Amino acid sequence: MDNFAAIDFETANFERGSACSVGIVVVRDGKVAETFYSLIKPEPNYYNYWCTRVHGLTRKDTDNAPIFPEVWAKAAPLVEGLPLVAHNSPFDEGCLKSVFRIYQMDYPDYRFYDTLKASRKKLPDLENHQLHTVSAACGYNLESHHHALADAEACAAIAIKLL
């Protein structure tokens with residue numbers, strides 16, 4: 001697969017629709033062509049201790065951020081016509097579908113590919129298949145794990161190697 005968009009969401013709490021940041025990496029002809037990152041004012045707008053502990057974001061970071069429809073108005077043209085790729089894609093696809101539902105937006109039925117599933121099949125001997133482990137095995141050093149853009153970059157690197 002030479003053309004795709006890797007995507008990663010971070011959530012404010014355990015609700016899939018509480019996306020508080022998104023990172024997108026557009027790959028064309030096997031090379032990174034464009035990146036996009038945005039904070040998002042989550043819905044519902046509260047932060048769970050455990051989620052903040054993972055990604056470091058708090059309500060203070062996103063109180064003045066745009067809501068999802070404003071963010072997606074900028075992101076949608078970047079991913080138009082491309083399959084989406086995520087590490088553990090059911091999570092990110094669930095986030096995307098949830099925020100579309102929350103804001104009563106028509107979901108374009110994006111096609112998702114999963115680098116976690118691909119890594120389990122193509123790299124079965126890894127000690128685990130977490131994003132940082134798989135990206136390292138694919139030659140990518142993930143330095144800011146759980147930052148949506150950094151995770152999308154790592155996912156793109158994995159997809160270039162494994163898909």
# chains A, B, ... in the order shown; residues from 1 in each chain; ligands from 1
call {"tool": "residues_around", "arguments": {"residues": "Asn128 in chain A", "least_positions_apart": "6", "cutoff": "10 Å", "atoms": "only C-alpha atoms", "output": "list in words"}}
result
Ser119, Arg120 and Val134 of chain A
call {"tool": "write_last_selection", "arguments": {"atoms": "all heavy atoms", "output": "compact mmCIF listing (two decimals), in the first residue's frame"}}
result
# COMPACT_ATOMS: atom_id res chain seq x y z
N SER A 119 1.24 -6.59 12.31
CA SER A 119 2.49 -6.89 13.01
C SER A 119 2.44 -8.26 13.68
O SER A 119 3.45 -8.97 13.72
CB SER A 119 2.81 -5.80 14.04
OG SER A 119 1.94 -5.87 15.16
N ARG A 120 1.28 -8.64 14.19
CA ARG A 120 1.16 -9.98 14.80
C ARG A 120 1.36 -11.08 13.77
O ARG A 120 1.91 -12.13 14.08
CB ARG A 120 -0.20 -10.11 15.48
CG ARG A 120 -0.29 -9.32 16.76
CD ARG A 120 -1.65 -9.46 17.41
NE ARG A 120 -1.64 -8.81 18.72
CZ ARG A 120 -2.71 -8.26 19.27
NH1 ARG A 120 -3.88 -8.28 18.65
NH2 ARG A 120 -2.62 -7.69 20.45
N VAL A 134 6.76 -2.35 17.95
CA VAL A 134 6.66 -2.65 16.52
C VAL A 134 7.35 -1.58 15.69
O VAL A 134 8.07 -1.89 14.73
CB VAL A 134 5.18 -2.80 16.10
CG1 VAL A 134 5.08 -3.07 14.59
CG2 VAL A 134 4.51 -3.92 16.88
call {"tool": "select_by_dssp", "arguments": {"residues": "range 68-121 of chain A", "states": "strand (DSSP E)", "output": "ChimeraX atom specification"}}
result
/A:84-86,112-114
call {"tool": "closest_atom_pairs", "arguments": {"of": "range 17-40 of chain A", "to": "range 145-159 of chain A", "cutoff": "7 Å", "atoms": "only C-alpha atoms", "output": "CSV"}}
result
residue,atom,partner,partner_atom,distance
A:Ser21,CA,A:Ala148,CA,6.3
A:Val22,CA,A:Ala148,CA,5.3
A:Gly23,CA,A:Leu149,CA,3.9
A:Ile24,CA,A:Ala152,CA,5.8
A:Val25,CA,A:Ala152,CA,6.0
A:Tyr37,CA,A:Leu149,CA,5.8
call {"tool": "closest_residue", "arguments": {"among": "A:Lys121, A:Lys97, A:Lys31, A:His87", "to": "Gly17 in chain A", "atoms": "only C-alpha atoms"}}
result
A:Lys97
call {"tool": "atom_distance", "arguments": {"atom1": "CA of Phe68 in chain A", "atom2": "CA of Ser89 in chain A"}}
result
19.1 Å
call {"tool": "residues_around", "arguments": {"residues": "Lys60 in chain A", "least_positions_apart": "6", "cutoff": "12 Å", "atoms": "only C-alpha atoms", "output": "list in words"}}
result
Ala12, Cys20, Leu39, Ile40, Lys41, Pro42, Asn45, Tyr46, Tyr47 and Thr52 of chain A
call {"tool": "atom_distance", "arguments": {"atom1": "CA of Asp125 in chain A", "atom2": "CA of Glu93 in chain A"}}
result
26.9 Å
call {"tool": "residues_around", "arguments": {"residues": "Asp109 in chain A", "least_positions_apart": "2", "cutoff": "12 Å", "atoms": "only C-alpha atoms", "output": "list in words"}}
result
Glu80, Gly81, Leu82, Pro83, Leu84, Glu93, Gly94, Leu96, Lys97, Phe100, Met105, Asp106, Tyr107, Arg111 and Phe112 of chain A
call {"tool": "atom_distance", "arguments": {"atom1": "CA of Thr115 in chain A", "atom2": "CA of Asp29 in chain A"}}
result
18.2 Å
call {"tool": "select_by_dssp", "arguments": {"residues": "chain A", "states": "helix (DSSP H, G or I)", "output": "number ranges by chain"}}
result
A: 49-55, 59-62, 68-79, 89-102, 115-122, 131-137, 148-162
call {"tool": "closest_residue", "arguments": {"among": "A:Met1, A:Ile7, A:Ala73, A:Ala118", "to": "Arg28 in chain A", "atoms": "only C-alpha atoms"}}
result
A:Met1
call {"tool": "closest_residue", "arguments": {"among": "A:Gly56, A:Pro124, A:Gly139, A:Pro69", "to": "Glu43 in chain A", "atoms": "only C-alpha atoms"}}
result
A:Pro69
call {"tool": "closest_residue", "arguments": {"among": "A:Ala137, A:Val32, A:Cys95, A:Leu123", "to": "Phe9 in chain A", "atoms": "only C-alpha atoms"}}
result
A:Cys95
